[in-house]
Structures are given as structure tokens and as C-alpha cells.
Amino acid sequence: MKSDSDFKKTFTAVAIMIGTVIGAGFLGIPSVIVKSGFAIGMFYILFVGLMVLFLFLMLGEVSLRTKGEHQLTGYAGIYLGNKGKIFMFYALLFEVYSAVLAYLFGVSESLSFLFFGEVKYILFFGIGLWIFMFFIISHGVREMKKFLDYGSIVFLGLIVIVSLVNLPRVDLNNFKTIYFNNFFVPFGVVLFSYLGFAAMPEVERHLKGSERLVKRSLILGLVIAMIVYTVFSFVIVGVYGSNVSEISTFSLGKFVVILGIVTMVTSYVALSVALKDMFGLDYSESWKKSWLYVTLLPLVLFIFLNFIGFDSFVKILSIGGVVSGGSIGILILLMFARAKKGGNRKPEYELKIPSVVLWIIGLIFVSGVVYELLNNIGFV
């Protein structure tokens with residue numbers, strides 16, 4: 001009976017991980033892999049996946065060393081002080097706004113492609129979508145949470161099925177080319193596709209009383225994400241080669257484009273509601289202010305970025321992944337080091353990671369942030 005209970009708890013915890021980590025961001029992975037070459041792309045899917053897995057396990061140990069229930073900002077406040085808490089808040093804020101903006105562009109491009117066969121009507125569809133989302137978010141969608149979760153799982157299942165159906169069409173010649181001058185291109189998008197550290201507190205709450213299952217659940221969740229990204233990218237790049245669209249659903253036909261729109265819209269709604277709750281519940285902002293922060297700012301940024309020509313789904317994912325993912329990753333490394341000495345609870349597992357490894361991971365994140373910023377302002 002205990003094994004059945006453990007299986008059910010682990011299954012649900014892994015589902016929470018998958019539902020948070022695997023979002024619509026992975027639709028941009030094949031297009032950046034094509035720019036660098038399949039071998040380099042696979043390196044990033046596996047290397048970044050393992051690096052994020054280590055970070056999840058570190059965060060898991062931090063939570064197990066700390067009594068009580070906390071959000072990421074709470075852990076940062078405990079181990080890094082008020083400045084650390086503020087920095088974590090802004091890193092999470094940047095992640096959510098980047099995702100919302102990316103999905104706003106992604107859905108707009110998809111609708112323009114669906115109706116006109118081209119993506120030059122992004123601004124028109126983006127404003128129309130924003131008006132629709134404005135009313136949806138303002139009227140509250142908490143009762144839709146189960147629908148949103150199931151919708152994401154159904155979409156993921158259909159994408160896997162589509163990938164397997166297309167597997168016989170894979171042309172191995174599409175994997176031969178490597179572009180070393182674009183070696184760093186996939187990093188930001190792949191990192192963004194693994195972001196989901198906010199799932200950790202929810203996993204911890206679900207496994208309360210069964211904390212021994214935390215490590216197993218985190219490993220399974222990240223490994224499944226790595227497998228999904230690998231299979232999806234292998235099939236899309238193998239079938240379409242250099243003809244892969246920036247939003248990969250464009251290459252799979254109108255039905256899959258519609259599925260992509262649905263999952264991006266559900267992700268948009270879920271993130272917006274979570275952000276509104278963060279402003280209202282955690283920072284005591286009024287309902288009206290929270291609502292304006294969540295709805296108005298994305299529209300202003302969308303119009304501005306469209307005006308200056310920075311309207312790429314993949315570019316936004318890349319910047320969001322590197323800046324927010326890198327910042328959160330560095331904070332987790334610091335919290336992990338502090339919790340080893342300052343925790344107030346004996347954890348169910350302990351990681352034995354040499355300090356040099358922590359420094360290397362931190363250096364990778366810092367280098368990624370610097371490169372991405374310099375690259376987007378034209379210095380590299």
C-alpha cells in the first residue's frame with residue numbers, strides 16, 4: 001500500500017513539474033537548432049537540461065533544509081537577505097513578462113499566418129488578442145485552472161503523437177551541417193524552455209510528509225522534459241531541415257498551428273493570473289493596480305517592440321531565458337551555499353557538489369547574460 005501511495009504522490013509531483021517546465025517556449029527550439037546545427041543543438045538540450053536539473057536539486061535541498069512553506073522570494077529573503085529577495089522578485093518578474101510578451105507575439109504571428117499565410121499583420125492581431133485577454137484576465141479565471149492544466153497536457157500529448165507520426169520522414173542529411181559561428185545561439189531559448197523553478201514550492205507542498213520523494217520527482221520531471229525536447233527537435237529538424245519556421249508549429253500544418261495557439265493562450269492566461277496574485281497577495285497591491293501591471297504593461301511593451309522591429313518570438317525567449325534564468329540560477333547557487341550552513345532542518349538528501357562546479361555553473365550563467373545583452377545591441 002505504501003508503494004502505491006508513493007507512486008501516486010510521485011506521479012502528481014512529476015505532473016506538476018512537467019506542467020510548469022514544459023510550456024510553449026519549446027516551440028522555438030528547432031529554429032535555433034537549425035541555425036547552429038543539430039549536434040550543437042543536442043548538446044545544449046542535454047547540457048542545459050543537466051545544469052537545470054542540478055539547480056532544481058539544489059533548490060530542493062534548500063527547501064528541505066528550511067522549516068515552513070516559502071516561495072522562491074521567501075527562500076531568497078531567508079538566505080540572502082532583503083536585497084536577495086528583491087533581486088529574486090525582479091528576476092521572476094522578468095521571466096513572466098518575457099513569457100507573456102513571447103506568447104503575445106507567438107499567437108499574433110500564428111493568427112496572421114493562419115488567416116493570411118504571412119506574419120506581417122502581427123500588430124493588428126496582437127492588439128485584438130490583448131483586448132480579448134484583457135477581459136478574460138480582468139474577470140478572473142481561477143476556476144479554469146484545471147482546464148488550463150489539462151489543456152497543456154493534451155497539447156503536449158498531441159505534439160508527441162505528431163512527432164512520432166512524422167518520424168519515418170526524418171532525413172538524416174539534415175543533421176550533418178554544423179555552424180560553429182552560431183554556437184551560442186540555442187543557449188537562451190533552450191534555457192527558457194527549462195525554466196520552471198516556481199514549481200518547487202508546489203512540489204514541496206504536495207509531498208509534505210513524504211519529503212523522501214522530492215529528489216526522485218525532480219529528476220523524473222527534468223528527464224522527461226529532456227526526452228520530449230530531444231524527440232521533438234530530432235523530428236522537426238530531421239523532416240524540415242533549414243525550412244523550419246521560427247514557431248515550429250507553422251511547419252506542421254494548420255491544425256497544429258491552432259493547437260499551438262491554444263497552448264500559448266492558456267500559458268498567457270496562467271502566467272498573467274499568477275502574476276496578478278503575486279502583486280496582490282505577496283506585495284499587497286490593490287486589485288486595480290495588480291490588474292494594470294499585468295495587462296497594460298505587456299501591451300505597451302508589445303507595441304514598442306513592434307515599432308522598433310524587435311518582434312521575434314525566438315529573440316524574446318532567448319533574452320528572457322538568459323537574463324531571468326541566469327539571474328535565478330545564480331541566486332539558487334548562493335542560496336544553496338548559505339543553506340548548507342544556515343539551514344534549520346535536516347534534509348532528506350544532500351548533494352556533494354565541489355565548489356569549483358558551482359563556480360563553473362555561475363560563470364556560465366554570467367557569461368550567457370553578458371553575451372546575450374551584447375549580441376542584441378550589436379557588439380558581438
# chains A, B, ... in the order shown; residues from 1 in each chain; ligands from 1
>>> select_by_dssp(residues="stretch 142-246 of chain A", states="helix (DSSP H, G or I)", output="number ranges by chain")
A: 142-169, 172-175, 180-182, 186-194, 199-206, 211-243
>>> residues_around(residues="stretch 83-86 of chain A", least_positions_apart="4", cutoff="10 Å", atoms="only C-alpha atoms", output="ChimeraX atom specification")
/A:72-79,90-92,331,334-335
>>> write_last_selection(atoms="N, CA and C atoms", output="mmCIF file, in the first residue's frame")
data_model
loop_
_atom_site.group_PDB
_atom_site.id
_atom_site.type_symbol
_atom_site.label_atom_id
_atom_site.label_comp_id
_atom_site.auth_asym_id
_atom_site.auth_seq_id
_atom_site.Cartn_x
_atom_site.Cartn_y
_atom_site.Cartn_z
ATOM 1 N N LEU A 72 9.923 31.198 -3.801
ATOM 2 C CA LEU A 72 11.326 31.448 -4.130
ATOM 3 C C LEU A 72 11.824 32.741 -3.500
ATOM 4 N N THR A 73 10.971 33.777 -3.518
ATOM 5 C CA THR A 73 11.378 35.038 -2.904
ATOM 6 C C THR A 73 11.582 34.869 -1.403
ATOM 7 N N GLY A 74 10.795 33.977 -0.784
ATOM 8 C CA GLY A 74 10.932 33.719 0.644
ATOM 9 C C GLY A 74 12.262 33.068 0.971
ATOM 10 N N TYR A 75 12.655 32.063 0.186
ATOM 11 C CA TYR A 75 13.958 31.416 0.396
ATOM 12 C C TYR A 75 15.094 32.409 0.187
ATOM 13 N N ALA A 76 14.958 33.250 -0.845
ATOM 14 C CA ALA A 76 15.994 34.259 -1.109
ATOM 15 C C ALA A 76 16.110 35.222 0.070
ATOM 16 N N GLY A 77 14.969 35.598 0.642
ATOM 17 C CA GLY A 77 14.983 36.504 1.791
ATOM 18 C C GLY A 77 15.646 35.880 3.005
ATOM 19 N N ILE A 78 15.384 34.584 3.231
ATOM 20 C CA ILE A 78 15.953 33.893 4.390
ATOM 21 C C ILE A 78 17.469 33.789 4.294
ATOM 22 N N TYR A 79 17.969 33.412 3.117
ATOM 23 C CA TYR A 79 19.397 33.106 2.980
ATOM 24 C C TYR A 79 20.235 34.226 2.349
ATOM 25 N N TYR A 90 12.491 40.500 -8.969
ATOM 26 C CA TYR A 90 12.625 41.103 -10.298
ATOM 27 C C TYR A 90 13.051 40.080 -11.352
ATOM 28 N N ALA A 91 13.834 39.080 -10.950
ATOM 29 C CA ALA A 91 14.212 38.024 -11.890
ATOM 30 C C ALA A 91 12.981 37.221 -12.311
ATOM 31 N N LEU A 92 12.124 36.897 -11.345
ATOM 32 C CA LEU A 92 10.881 36.185 -11.651
ATOM 33 C C LEU A 92 9.959 37.054 -12.490
ATOM 34 N N LEU A 331 21.210 33.014 -8.085
ATOM 35 C CA LEU A 331 20.618 33.140 -6.750
ATOM 36 C C LEU A 331 20.459 31.774 -6.085
ATOM 37 N N LEU A 334 23.784 30.637 -4.729
ATOM 38 C CA LEU A 334 24.115 31.346 -3.495
ATOM 39 C C LEU A 334 23.278 30.837 -2.322
ATOM 40 N N MET A 335 21.969 30.601 -2.563
ATOM 41 C CA MET A 335 21.101 30.087 -1.503
ATOM 42 C C MET A 335 21.541 28.698 -1.070
#
>>> closest_residue(among="A:Trp130, A:Phe184, A:Tyr229, A:Phe310", to="A:Gly368", atoms="only C-alpha atoms")
A:Phe184
>>> closest_residue(among="A:Phe89, A:Phe38, A:Phe115, A:Tyr349", to="A:Ser242", atoms="only C-alpha atoms")
A:Phe38
>>> closest_residue(among="A:Ile178, A:Leu299, A:Ala225, A:Leu333", to="A:Ile353", atoms="only C-alpha atoms")
A:Leu333
